[in-house]
>>> print(open('start.txt').read())   # compact mmCIF, C-alpha atoms (C1' of nucleotides)
# COMPACT_ATOMS: atom_id res chain seq x y z
CA MET J 384 94.48 39.73 166.90
CA PHE J 385 96.58 42.74 167.74
CA PHE J 386 97.45 45.39 165.23
CA SER J 387 99.68 48.40 164.90
CA ILE J 388 98.76 52.06 164.96
CA GLY J 389 99.06 52.15 161.17
CA ASP J 390 96.57 49.31 160.82
CA LEU J 391 94.23 51.05 163.20
CA ALA J 392 94.56 54.22 161.16
CA ARG J 393 93.69 52.37 157.96
CA ARG J 394 90.69 50.64 159.51
CA THR J 395 89.20 53.80 160.96
CA GLY J 396 90.29 56.53 158.59
CA VAL J 397 91.87 58.42 161.50
CA LYS J 398 95.44 59.51 160.89
CA VAL J 399 98.26 58.08 162.95
CA PRO J 400 99.28 61.34 164.69
CA THR J 401 95.64 61.99 165.45
CA ILE J 402 95.34 58.63 167.19
CA ARG J 403 98.34 59.48 169.34
CA TYR J 404 96.81 62.87 170.02
CA TYR J 405 93.56 61.27 171.19
CA GLU J 406 95.52 59.04 173.50
CA GLN J 407 97.34 62.04 174.91
CA ARG J 408 94.03 63.82 175.38
CA GLY J 409 92.70 60.83 177.30
CA LEU J 410 90.05 59.82 174.77
CA LEU J 411 91.80 56.54 174.14
CA ASP J 412 93.39 54.51 176.90
CA ALA J 413 97.11 53.85 176.62
CA PRO J 414 97.30 50.60 174.65
CA LEU J 415 99.53 47.57 175.11
CA ARG J 416 103.03 47.86 173.75
CA SER J 417 105.18 45.48 171.74
CA ALA J 418 108.58 44.39 173.05
CA GLY J 419 110.01 47.30 171.07
CA ASN J 420 107.59 49.82 172.61
CA GLN J 421 105.18 50.09 169.70
CA ARG J 422 101.45 50.42 170.32
CA ARG J 423 99.34 47.31 169.83
CA TYR J 424 95.57 47.56 169.53
CA GLY J 425 92.66 45.13 169.73
CA GLN J 426 88.97 45.09 168.85
CA ALA J 427 87.89 47.25 171.78
CA GLU J 428 90.17 50.11 170.79
CA LEU J 429 89.05 49.81 167.20
CA GLU J 430 85.45 50.22 168.22
CA ARG J 431 86.15 53.10 170.51
CA LEU J 432 88.09 54.93 167.83
CA ARG J 433 85.25 54.37 165.34
CA PHE J 434 82.89 55.85 167.89
CA ILE J 435 85.13 58.89 168.27
CA ARG J 436 85.53 59.25 164.55
CA HIS J 437 81.81 59.10 163.99
CA ALA J 438 81.12 61.63 166.71
CA ARG J 439 83.81 63.96 165.31
CA ASP J 440 82.23 63.67 161.86
CA LEU J 441 78.99 64.80 163.43
CA GLY J 442 80.81 67.80 164.84
CA PHE J 443 80.99 66.88 168.52
CA SER J 444 83.92 68.45 170.33
CA LEU J 445 86.51 66.23 171.98
CA GLY J 446 85.17 67.44 175.33
CA ALA J 447 81.66 66.34 174.43
CA ILE J 448 83.00 63.02 173.18
CA SER J 449 84.76 62.49 176.51
CA GLY J 450 81.40 62.86 178.18
CA LEU J 451 79.80 60.36 175.82
CA ILE J 452 82.58 57.83 176.36
CA GLU J 453 82.24 58.24 180.10
CA LEU J 454 78.60 57.22 179.73
CA GLN J 455 79.43 54.31 177.49
CA ASP J 456 81.75 53.03 180.17
CA HIS J 457 78.92 53.13 182.73
CA PRO J 458 75.97 51.40 181.08
CA ASP J 459 73.78 51.73 184.17
CA ARG J 460 73.76 55.47 184.26
CA SER J 461 70.91 57.50 182.87
CA CYS J 462 71.43 58.50 179.29
CA GLU J 463 70.02 61.93 179.92
CA THR J 464 73.45 63.50 179.57
CA ALA J 465 74.04 61.82 176.22
CA THR J 466 70.74 63.11 174.92
CA ARG J 467 71.50 66.58 176.14
CA ILE J 468 74.95 66.60 174.54
CA ALA J 469 73.44 65.49 171.25
CA GLN J 470 70.62 68.01 171.51
CA ASP J 471 73.10 70.82 172.21
CA GLN J 472 75.08 69.78 169.19
CA LEU J 473 71.95 69.78 167.06
CA ASP J 474 71.06 73.24 168.30
CA ALA J 475 74.56 74.48 167.51
CA VAL J 476 74.38 73.04 164.01
CA ARG J 477 71.01 74.66 163.38
CA GLN J 478 72.28 77.98 164.64
CA LYS J 479 75.27 77.74 162.34
CA ILE J 480 73.09 76.91 159.37
CA ARG J 481 70.94 79.96 160.04
CA ARG J 482 73.95 82.24 160.14
CA LEU J 483 75.52 80.70 157.11
CA ARG J 484 72.35 81.21 155.13
CA ALA J 485 72.40 84.91 155.90
CA LEU J 486 76.03 84.99 154.79
CA GLU J 487 75.23 83.10 151.65
CA ALA J 488 72.52 85.56 150.70
CA GLU J 489 74.80 88.50 151.27
CA LEU J 490 77.75 86.98 149.45
CA ALA J 491 75.57 85.99 146.52
CA ARG J 492 74.25 89.52 146.28
CA ILE J 493 77.74 90.96 146.44
CA THR J 494 79.25 88.64 143.85
CA ASP J 495 76.30 89.09 141.53
CA GLY J 496 76.96 92.82 141.55
CA CYS J 497 80.36 92.38 139.92
CA THR J 498 81.38 90.57 136.76
CA GLY J 499 85.08 90.86 137.54
CA ALA J 500 85.61 92.57 134.22
CA GLY J 501 86.08 96.07 135.59
CA VAL J 502 88.72 97.82 137.58
CA SER J 503 89.00 97.58 141.35
CA ARG J 504 88.04 101.24 141.89
CA GLU J 505 84.55 100.43 140.66
CA CYS J 506 84.36 96.93 142.09
CA TYR J 507 81.06 96.22 143.78
CA VAL J 508 82.63 93.52 145.91
CA LEU J 509 85.11 95.95 147.40
CA ALA J 510 82.51 98.69 147.71
CA SER J 511 80.14 96.39 149.55
CA LEU J 512 82.80 95.37 152.00
CA ALA J 513 83.81 98.96 152.59
CA ASP J 514 80.27 100.10 153.25
CA HIS J 515 77.98 98.05 155.39
CA GLU J 516 75.08 100.26 154.30
CA LEU J 517 75.08 98.40 151.02
CA CYS J 518 74.12 95.25 152.89
CA GLU J 519 70.59 94.02 152.97
CA HIS J 520 70.86 91.95 156.09
CA ASP J 521 72.69 91.99 159.31
CA HIS J 522 75.24 89.25 159.51
CA ALA J 523 76.80 88.32 162.76
CA PRO J 524 80.15 86.59 162.75
CA VAL J 525 80.11 82.82 162.46
CA ASP J 526 83.06 81.02 163.90
CA GLY J 527 84.75 78.52 161.74
CA VAL J 528 83.44 79.61 158.37
CA MET B 773 90.76 114.15 164.61
CA PHE B 774 92.97 111.44 166.03
CA PHE B 775 91.76 108.81 168.40
CA SER B 776 93.10 106.05 170.58
CA ILE B 777 92.95 102.30 170.04
CA GLY B 778 90.12 102.12 172.56
CA ASP B 779 88.09 104.67 170.61
CA LEU B 780 88.76 102.76 167.41
CA ALA B 781 87.64 99.57 169.11
CA ARG B 782 84.38 101.20 170.23
CA ARG B 783 83.68 102.65 166.80
CA THR B 784 84.24 99.40 164.95
CA GLY B 785 83.25 96.74 167.42
CA VAL B 786 86.68 95.14 167.06
CA LYS B 787 88.43 94.43 170.34
CA VAL B 788 91.62 96.24 171.25
CA PRO B 789 93.92 93.18 171.25
CA THR B 790 92.44 92.14 167.92
CA ILE B 791 93.34 95.52 166.42
CA ARG B 792 96.91 95.08 167.57
CA TYR B 793 96.86 91.58 166.19
CA TYR B 794 95.70 92.84 162.79
CA GLU B 795 98.52 95.35 162.80
CA GLN B 796 101.01 92.62 163.61
CA ARG B 797 99.59 90.50 160.82
CA GLY B 798 100.05 93.39 158.40
CA LEU B 799 96.37 94.01 157.74
CA LEU B 800 96.58 97.44 159.30
CA ASP B 801 99.53 99.76 158.77
CA ALA B 802 101.47 100.79 161.84
CA PRO B 803 99.71 103.97 162.98
CA LEU B 804 101.08 107.26 164.28
CA ARG B 805 102.09 107.31 167.91
CA SER B 806 101.52 109.83 170.66
CA ALA B 807 104.46 111.34 172.55
CA GLY B 808 103.99 108.52 175.06
CA ASN B 809 104.07 105.82 172.37
CA GLN B 810 100.33 105.16 172.21
CA ARG B 811 98.68 104.43 168.87
CA ARG B 812 96.73 107.26 167.28
CA TYR B 813 94.29 106.59 164.47
CA GLY B 814 92.49 108.68 161.87
CA GLN B 815 89.60 108.28 159.44
CA ALA B 816 91.51 106.12 156.98
CA GLU B 817 92.34 103.50 159.58
CA LEU B 818 88.77 103.55 160.82
CA GLU B 819 87.49 102.77 157.36
CA ARG B 820 90.03 100.07 156.75
CA LEU B 821 89.18 98.39 160.01
CA ARG B 822 85.48 98.53 159.21
CA PHE B 823 86.27 96.89 155.90
CA ILE B 824 88.20 94.14 157.67
CA ARG B 825 85.47 93.68 160.24
CA HIS B 826 82.83 93.40 157.59
CA ALA B 827 84.83 90.90 155.58
CA ARG B 828 85.52 88.85 158.72
CA ASP B 829 81.81 88.84 159.51
CA LEU B 830 81.25 87.39 156.07
CA GLY B 831 83.75 84.68 156.88
CA PHE B 832 86.71 85.75 154.76
CA SER B 833 90.05 84.59 156.11
CA LEU B 834 92.68 87.13 157.03
CA GLY B 835 94.68 85.92 154.05
CA ALA B 836 91.78 86.58 151.71
CA ILE B 837 91.26 89.98 153.31
CA SER B 838 94.91 90.82 152.69
CA GLY B 839 94.29 90.14 149.03
CA LEU B 840 91.22 92.35 148.99
CA ILE B 841 93.07 95.19 150.72
CA GLU B 842 95.89 94.89 148.23
CA LEU B 843 93.35 95.46 145.47
CA GLN B 844 91.77 98.36 147.29
CA ASP B 845 95.17 99.99 147.43
CA HIS B 846 95.56 99.66 143.65
CA PRO B 847 92.33 101.00 142.18
CA ASP B 848 93.55 100.57 138.62
CA ARG B 849 93.94 96.83 138.79
CA SER B 850 91.35 94.47 137.48
CA CYS B 851 88.87 93.42 140.11
CA GLU B 852 88.87 89.87 138.83
CA THR B 853 90.78 88.69 141.88
CA ALA B 854 88.29 90.31 144.25
CA THR B 855 85.42 88.64 142.48
CA ARG B 856 87.17 85.30 142.58
CA ILE B 857 87.95 85.61 146.30
CA ALA B 858 84.31 86.44 147.00
CA GLN B 859 83.08 83.65 144.75
CA ASP B 860 85.37 81.14 146.48
CA GLN B 861 84.04 82.28 149.81
CA LEU B 862 80.47 81.88 148.58
CA ASP B 863 81.29 78.38 147.34
CA ALA B 864 82.84 77.51 150.68
CA VAL B 865 79.79 78.78 152.54
CA ARG B 866 77.44 76.80 150.32
CA GLN B 867 79.52 73.69 150.75
CA LYS B 868 79.45 74.13 154.49
CA ILE B 869 75.69 74.59 154.49
CA ARG B 870 75.25 71.40 152.52
CA ARG B 871 77.32 69.41 154.96
CA LEU B 872 75.69 70.96 157.98
CA ARG B 873 72.28 70.05 156.64
CA ALA B 874 73.31 66.41 156.36
CA LEU B 875 74.58 66.61 159.94
CA GLU B 876 71.40 68.24 161.09
CA ALA B 877 69.30 65.46 159.59
CA GLU B 878 71.42 62.80 161.20
CA LEU B 879 71.55 64.48 164.58
CA ALA B 880 67.82 65.08 164.56
CA ARG B 881 67.22 61.42 163.79
CA ILE B 882 69.59 60.33 166.53
CA THR B 883 68.17 62.62 169.20
CA ASP B 884 64.61 61.73 168.23
CA GLY B 885 65.45 58.11 168.90
CA CYS B 886 66.12 58.72 172.56
CA THR B 887 64.01 60.39 175.21
CA GLY B 888 66.85 60.54 177.72
CA ALA B 889 64.69 58.65 180.19
CA GLY B 890 66.46 55.30 179.85
CA VAL B 891 69.80 53.96 180.84
CA SER B 892 72.95 54.46 178.80
CA ARG B 893 73.22 50.78 177.82
CA GLU B 894 70.07 51.16 175.75
CA CYS B 895 70.72 54.72 174.62
CA TYR B 896 70.04 55.24 170.95
CA VAL B 897 72.37 58.21 170.83
CA LEU B 898 75.30 56.12 171.99
CA ALA B 899 74.30 53.17 169.83
CA SER B 900 74.12 55.36 166.74
CA LEU B 901 77.54 56.78 167.39
CA ALA B 902 79.00 53.34 167.97
CA ASP B 903 77.56 51.93 164.78
CA HIS B 904 77.69 53.90 161.59
CA GLU B 905 75.34 51.37 160.01
CA LEU B 906 72.51 53.01 161.89
CA CYS B 907 73.09 56.17 159.92
CA GLU B 908 70.92 57.07 157.02
CA HIS B 909 73.33 59.39 155.31
CA ASP B 910 77.00 59.70 154.84
CA HIS B 911 78.37 62.67 156.66
CA ALA B 912 81.80 63.93 155.92
CA PRO B 913 83.57 65.97 158.54
CA VAL B 914 82.92 69.69 158.54
CA ASP B 915 85.62 71.84 159.98
CA GLY B 916 84.59 74.38 162.50
CA VAL B 917 81.29 72.91 163.58
C1' DG V 1083 98.34 116.17 192.54
C1' DT V 1084 96.18 112.06 192.50
C1' DA V 1085 93.43 108.30 191.20
C1' DA V 1086 91.25 105.71 187.75
C1' DT V 1087 91.44 104.13 183.44
C1' DC V 1088 93.99 103.21 179.24
C1' DT V 1089 97.65 101.57 176.77
C1' DC V 1090 102.14 99.46 176.09
C1' DT V 1091 104.94 94.95 175.03
C1' DC V 1092 105.51 90.34 175.71
C1' DT V 1093 104.33 85.63 176.39
C1' DA V 1094 101.23 81.86 176.54
C1' DG V 1095 96.86 79.55 175.71
C1' DC V 1096 92.61 77.82 173.06
C1' DG V 1097 90.89 73.50 169.81
C1' DA V 1098 92.04 69.89 166.96
C1' DC V 1099 95.12 68.71 164.79
C1' DT V 1100 99.56 68.66 161.44
C1' DA V 1101 104.53 68.66 160.30
C1' DG V 1102 109.09 67.67 161.07
C1' DA V 1103 113.54 66.12 163.35
C1' DG V 1104 116.12 62.47 164.82
C1' DC V 1105 115.94 58.14 166.43
C1' DT V 1106 114.42 52.90 166.89
C1' DT V 1107 111.79 48.80 165.50
C1' DC V 1108 109.65 45.73 162.45
C1' DA V 1109 108.81 42.68 158.41
C1' DA V 1110 109.99 40.86 154.07
C1' DG V 1111 113.21 39.35 150.74
C1' DA V 1112 118.08 37.70 149.39
C1' DT P 230 121.27 35.81 159.00
C1' DC P 231 121.59 40.13 157.00
C1' DT P 232 119.84 44.10 154.88
C1' DT P 233 116.81 47.45 153.55
C1' DG P 234 112.95 50.34 153.68
C1' DA P 235 108.74 51.29 155.74
C1' DA P 236 106.67 52.24 159.88
C1' DG P 237 106.94 53.46 164.55
C1' DC P 238 108.71 56.23 168.63
C1' DT P 239 109.06 60.94 171.33
C1' DC P 240 109.40 65.66 171.29
C1' DT P 241 108.78 70.29 169.76
C1' DA P 242 106.68 73.70 167.07
C1' DG P 243 103.32 75.45 163.74
C1' DT P 244 98.41 76.31 161.99
C1' DC P 245 94.17 80.09 162.50
C1' DG P 246 92.18 83.94 164.70
C1' DC P 247 92.11 85.48 168.33
C1' DT P 248 92.09 85.95 173.87
C1' DA P 249 94.11 86.43 178.52
C1' DG P 250 97.36 87.94 181.65
C1' DA P 251 101.63 90.16 183.67
C1' DG P 252 103.89 94.13 184.75
C1' DA P 253 105.00 98.43 183.26
C1' DG P 254 104.06 103.33 181.57
C1' DA P 255 100.64 107.07 179.65
C1' DT P 256 96.61 109.73 179.78
C1' DT P 257 92.60 112.01 181.60
C1' DA P 258 89.21 113.83 184.86
C1' DC P 259 88.68 115.89 188.94
>>> encode(input="start.txt", output="C-alpha cells")
Amino acid sequence: MFFSIGDLARRTGVKVPTIRYYEQRGLLDAPLRSAGNQRRYGQAELERLRFIRHARDLGFSLGAISGLIELQDHPDRSCETATRIAQDQLDAVRQKIRRLRALEAELARITDGCTGAGVSRECYVLASLADHELCEHDHAPVDGV
Amino acid sequence: MFFSIGDLARRTGVKVPTIRYYEQRGLLDAPLRSAGNQRRYGQAELERLRFIRHARDLGFSLGAISGLIELQDHPDRSCETATRIAQDQLDAVRQKIRRLRALEAELARITDGCTGAGVSRECYVLASLADHELCEHDHAPVDGV
DNA sequence: GTAATCTCTCTAGCGACTAGAGCTTCAAGA
DNA sequence: TCTTGAAGCTCTAGTCGCTAGAGAGATTAC
C-alpha cells in the first residue's frame, strides 16, 4: 500500500533527489513518514508525480505545472487557464523549432565548407564564426540549445 | 583606438556584465586598464568578442567556444577539432529539432482536444497529462524547452 | 566645478536539477 | 537476535550562462 521514495522513483522514472526537490518546491505535498522519518507514498502521490513527469517531458516549466496542478485540485474551475498554459507551451515550442531550423541551416553550411583536413588558419568553420558576413541568414540566439 | 567596456558592448551587442563574465571565464584575455582601473579594449578584443557572440548565437557552449578560440590562436594546427565541434553542435541541434517536433505534435493534439470552455474536471489537457496512455507518441525530455 | 553617466568589485539569484558529506533507518539473511 | 549493506535522511554546494544589485570610484560633458 505505501512505498518508499526509491519505489516511487522506480515507478515514475523520476530520480530520488528530484522527488525531494519537487516536494521542496511545493509541487508535491509533504508525504507521510515512517516511524524512522522516511517518506511513505501512496497511489495519489504516484499519480501526481506521473502527471508532473509527463508535463516536464512536454517541456512545461515547474511554474506552469504548479498552475496545472492547482486546476486539477479544483475540478469545478474553468479549464481556460490549462488550455492557455498548454497553448503558450505549444507556441514556445514552435518558436524554438523555427529558430533551431535557422541554426541548423547555418551550421550545416558551415560544416560543409570544411573537411577538417586542413589547417586552422584556413578553416571555414573558424572563418565563418569570425565573420558574420559569411552567413546566409540571421540567427537570433536560442536559449537552451 | 581604445574603447571602454560600454563601447564594446554597443559594438557587439553583448551586455557589459556578460563581457566581464567572459573575461572571468577565460574566454577573453584581461584587457589593458585606464589610469583609473577601467578596462580598455582594441580591435583584437572586438573581433574576438564578435566571434564569441556569433558562436553563442549558433548555440555553442562556452566550453566549445574555448576550444575554437584555442584553435584560432594556433593557426598551424589541424582544424579537425573545429570541424568536429561544429559537427557535434549540428548533431545536437538536429536531435533537439526532432524531439521538439514530437512535442509539438503531442501538444497540438492535446490543445486541440480542449476549447477551454469547459470545467477542469473534464479538461482534455489535464486528462492527457494525467494519463500517458492518451499520448500518440513517446516523447523523451528535451532540455531547455 | 559639478552633475550625470559609466565603471569597478563583489555577492547572490535564476531554473531544474545533481552531487556529495555525514548520519540514520530499514530489510534480509545467518 | 545480530549483522550487514542498501537505502534513506538533511544540508550545502555545484552546474550553465548569465543577470541584478550594492556601494564605491572614474570619466565626460557642460
>>> calpha_fit_and_write(input="start.txt", fixed="chain J", moving="chain B", output="CSV table (one decimal) with C-alpha atoms, in the frame of the given file")
chain,number,residue,atom,x,y,z
B,773,MET,CA,94.3,39.6,167.1
B,774,PHE,CA,96.5,42.6,167.9
B,775,PHE,CA,97.4,45.3,165.4
B,776,SER,CA,99.7,48.2,165.0
B,777,ILE,CA,98.7,51.9,165.0
B,778,GLY,CA,99.1,52.0,161.3
B,779,ASP,CA,96.6,49.1,160.9
B,780,LEU,CA,94.2,50.9,163.3
B,781,ALA,CA,94.6,54.0,161.2
B,782,ARG,CA,93.7,52.2,158.0
B,783,ARG,CA,90.7,50.5,159.6
B,784,THR,CA,89.2,53.6,161.0
B,785,GLY,CA,90.3,56.3,158.6
B,786,VAL,CA,91.9,58.2,161.5
B,787,LYS,CA,95.5,59.3,160.9
B,788,VAL,CA,98.3,57.9,163.0
B,789,PRO,CA,99.3,61.2,164.6
B,790,THR,CA,95.7,61.9,165.4
B,791,ILE,CA,95.4,58.5,167.2
B,792,ARG,CA,98.4,59.4,169.3
B,793,TYR,CA,96.9,62.8,169.9
B,794,TYR,CA,93.6,61.2,171.1
B,795,GLU,CA,95.5,59.0,173.5
B,796,GLN,CA,97.4,62.0,174.9
B,797,ARG,CA,94.1,63.8,175.3
B,798,GLY,CA,92.7,60.9,177.3
B,799,LEU,CA,90.1,59.8,174.7
B,800,LEU,CA,91.8,56.5,174.1
B,801,ASP,CA,93.4,54.5,176.9
B,802,ALA,CA,97.1,53.8,176.7
B,803,PRO,CA,97.3,50.6,174.8
B,804,LEU,CA,99.5,47.5,175.2
B,805,ARG,CA,103.0,47.8,173.9
B,806,SER,CA,105.1,45.4,171.9
B,807,ALA,CA,108.5,44.3,173.2
B,808,GLY,CA,109.9,47.2,171.2
B,809,ASN,CA,107.6,49.7,172.7
B,810,GLN,CA,105.1,50.0,169.8
B,811,ARG,CA,101.4,50.3,170.4
B,812,ARG,CA,99.3,47.2,170.0
B,813,TYR,CA,95.5,47.5,169.7
B,814,GLY,CA,92.6,45.1,169.9
B,815,GLN,CA,88.9,45.1,169.0
B,816,ALA,CA,87.9,47.3,171.9
B,817,GLU,CA,90.1,50.1,170.9
B,818,LEU,CA,89.0,49.8,167.3
B,819,GLU,CA,85.4,50.2,168.3
B,820,ARG,CA,86.2,53.1,170.6
B,821,LEU,CA,88.1,54.9,167.8
B,822,ARG,CA,85.3,54.3,165.4
B,823,PHE,CA,82.9,55.8,167.9
B,824,ILE,CA,85.2,58.9,168.3
B,825,ARG,CA,85.6,59.2,164.5
B,826,HIS,CA,81.9,59.0,164.0
B,827,ALA,CA,81.2,61.6,166.7
B,828,ARG,CA,83.9,63.9,165.2
B,829,ASP,CA,82.3,63.6,161.8
B,830,LEU,CA,79.1,64.8,163.3
B,831,GLY,CA,80.9,67.8,164.7
B,832,PHE,CA,81.1,66.9,168.4
B,833,SER,CA,84.0,68.5,170.2
B,834,LEU,CA,86.6,66.3,171.9
B,835,GLY,CA,85.3,67.5,175.2
B,836,ALA,CA,81.7,66.4,174.3
B,837,ILE,CA,83.1,63.1,173.1
B,838,SER,CA,84.8,62.6,176.4
B,839,GLY,CA,81.5,63.0,178.1
B,840,LEU,CA,79.9,60.5,175.8
B,841,ILE,CA,82.6,57.9,176.4
B,842,GLU,CA,82.3,58.4,180.1
B,843,LEU,CA,78.6,57.4,179.7
B,844,GLN,CA,79.5,54.5,177.5
B,845,ASP,CA,81.7,53.2,180.2
B,846,HIS,CA,78.9,53.4,182.8
B,847,PRO,CA,76.0,51.6,181.2
B,848,ASP,CA,73.8,52.0,184.3
B,849,ARG,CA,73.8,55.7,184.3
B,850,SER,CA,71.0,57.7,182.9
B,851,CYS,CA,71.5,58.7,179.3
B,852,GLU,CA,70.1,62.1,179.9
B,853,THR,CA,73.5,63.7,179.5
B,854,ALA,CA,74.1,61.9,176.2
B,855,THR,CA,70.8,63.2,174.9
B,856,ARG,CA,71.6,66.7,176.0
B,857,ILE,CA,75.1,66.7,174.5
B,858,ALA,CA,73.5,65.5,171.2
B,859,GLN,CA,70.7,68.1,171.4
B,860,ASP,CA,73.2,70.9,172.1
B,861,GLN,CA,75.2,69.8,169.1
B,862,LEU,CA,72.1,69.8,166.9
B,863,ASP,CA,71.2,73.2,168.2
B,864,ALA,CA,74.7,74.5,167.3
B,865,VAL,CA,74.5,73.0,163.9
B,866,ARG,CA,71.1,74.6,163.2
B,867,GLN,CA,72.4,77.9,164.5
B,868,LYS,CA,75.4,77.7,162.2
B,869,ILE,CA,73.2,76.8,159.2
B,870,ARG,CA,71.0,79.8,159.9
B,871,ARG,CA,74.0,82.2,160.0
B,872,LEU,CA,75.6,80.6,156.9
B,873,ARG,CA,72.4,81.1,155.0
B,874,ALA,CA,72.4,84.8,155.8
B,875,LEU,CA,76.0,84.9,154.7
B,876,GLU,CA,75.2,83.1,151.5
B,877,ALA,CA,72.5,85.5,150.6
B,878,GLU,CA,74.8,88.5,151.2
B,879,LEU,CA,77.7,87.0,149.4
B,880,ALA,CA,75.6,86.0,146.4
B,881,ARG,CA,74.2,89.6,146.2
B,882,ILE,CA,77.7,91.0,146.4
B,883,THR,CA,79.2,88.8,143.8
B,884,ASP,CA,76.2,89.2,141.5
B,885,GLY,CA,76.9,92.9,141.6
B,886,CYS,CA,80.3,92.6,140.0
B,887,THR,CA,81.3,90.9,136.8
B,888,GLY,CA,85.0,91.2,137.5
B,889,ALA,CA,85.5,93.0,134.2
B,890,GLY,CA,85.9,96.4,135.7
B,891,VAL,CA,88.6,98.2,137.7
B,892,SER,CA,88.9,97.9,141.5
B,893,ARG,CA,87.8,101.5,142.1
B,894,GLU,CA,84.4,100.7,140.8
B,895,CYS,CA,84.2,97.2,142.2
B,896,TYR,CA,80.9,96.4,143.9
B,897,VAL,CA,82.5,93.7,146.0
B,898,LEU,CA,85.0,96.1,147.5
B,899,ALA,CA,82.4,98.8,147.9
B,900,SER,CA,80.0,96.4,149.7
B,901,LEU,CA,82.7,95.4,152.1
B,902,ALA,CA,83.7,99.0,152.7
B,903,ASP,CA,80.1,100.1,153.4
B,904,HIS,CA,77.9,98.0,155.5
B,905,GLU,CA,74.9,100.2,154.5
B,906,LEU,CA,74.9,98.3,151.2
B,907,CYS,CA,74.0,95.2,153.0
B,908,GLU,CA,70.5,93.9,153.0
B,909,HIS,CA,70.8,91.7,156.1
B,910,ASP,CA,72.7,91.8,159.3
B,911,HIS,CA,75.2,89.1,159.5
B,912,ALA,CA,76.8,88.1,162.7
B,913,PRO,CA,80.2,86.4,162.7
B,914,VAL,CA,80.2,82.7,162.3
B,915,ASP,CA,83.2,80.9,163.7
B,916,GLY,CA,84.8,78.4,161.5
B,917,VAL,CA,83.6,79.6,158.2
>>> atom_distance(input="start.txt", atom1="atom CA of J:His457", atom2="atom CA of B:Val897")
14.5 Å
>>> residues_around(input="start.txt", residues="V:DA1103", least_positions_apart="4", cutoff="12 Å", atoms="only C-alpha atoms (C1' of nucleotides)", output="list in words")
DT239, DC240, DT241 and DA242 of chain P
>>> interface_residues(input="start.txt", of="chain B", to="chain P", cutoff="9 Å", atoms="only C-alpha atoms (C1' of nucleotides)", output="mmCIF file with C-alpha atoms, keeping the file's coordinate frame")
data_model
loop_
_atom_site.group_PDB
_atom_site.id
_atom_site.type_symbol
_atom_site.label_atom_id
_atom_site.label_comp_id
_atom_site.auth_asym_id
_atom_site.auth_seq_id
_atom_site.Cartn_x
_atom_site.Cartn_y
_atom_site.Cartn_z
ATOM 1 C CA PRO B 789 93.920 93.180 171.250
ATOM 2 C CA THR B 790 92.440 92.140 167.920
ATOM 3 C CA TYR B 793 96.860 91.580 166.190
ATOM 4 C CA GLY B 808 103.990 108.520 175.060
ATOM 5 C CA ASN B 809 104.070 105.820 172.370
ATOM 6 C CA GLN B 810 100.330 105.160 172.210
ATOM 7 C CA SER B 833 90.050 84.590 156.110
ATOM 8 C CA LEU B 834 92.680 87.130 157.030
#
>>> interface_residues(input="start.txt", of="chain B", to="chain V", cutoff="10 Å", atoms="all atoms listed in the file", output="PyMOL selection string")
chain B and resi 776-778+788+808-811+915-916
>>> write_last_selection(input="start.txt", atoms="C-alpha atoms", output="PDB file, keeping the file's coordinate frame")
ATOM      1  CA  SER B 776      93.100 106.050 170.580  1.00  0.00           C
ATOM      2  CA  ILE B 777      92.950 102.300 170.040  1.00  0.00           C
ATOM      3  CA  GLY B 778      90.120 102.120 172.560  1.00  0.00           C
ATOM      4  CA  VAL B 788      91.620  96.240 171.250  1.00  0.00           C
ATOM      5  CA  GLY B 808     103.990 108.520 175.060  1.00  0.00           C
ATOM      6  CA  ASN B 809     104.070 105.820 172.370  1.00  0.00           C
ATOM      7  CA  GLN B 810     100.330 105.160 172.210  1.00  0.00           C
ATOM      8  CA  ARG B 811      98.680 104.430 168.870  1.00  0.00           C
ATOM      9  CA  ASP B 915      85.620  71.840 159.980  1.00  0.00           C
ATOM     10  CA  GLY B 916      84.590  74.380 162.500  1.00  0.00           C
TER      11      GLY B 916
END
>>> decode(input="start.txt", residues="stretch 1097-1108 of chain V", atoms="C-alpha atoms (C1' of nucleotides)", output="PDB file, in the first residue's frame")
ATOM      1  C1'  DG V1097      15.719  27.149 -13.312  1.00  0.00           C
ATOM      2  C1'  DA V1098      15.829  22.462 -12.667  1.00  0.00           C
ATOM      3  C1'  DC V1099      18.217  19.753 -11.057  1.00  0.00           C
ATOM      4  C1'  DT V1100      22.731  16.924  -9.455  1.00  0.00           C
ATOM      5  C1'  DA V1101      26.463  15.536  -6.272  1.00  0.00           C
ATOM      6  C1'  DG V1102      28.395  14.757  -2.023  1.00  0.00           C
ATOM      7  C1'  DA V1103      29.143  14.591   3.160  1.00  0.00           C
ATOM      8  C1'  DG V1104      27.919  12.571   7.228  1.00  0.00           C
ATOM      9  C1'  DC V1105      24.475  10.497   9.513  1.00  0.00           C
ATOM     10  C1'  DT V1106      20.245   7.155  10.480  1.00  0.00           C
ATOM     11  C1'  DT V1107      16.929   3.544   9.202  1.00  0.00           C
ATOM     12  C1'  DC V1108      15.367  -0.472   7.027  1.00  0.00           C
TER      13       DC V1108
END
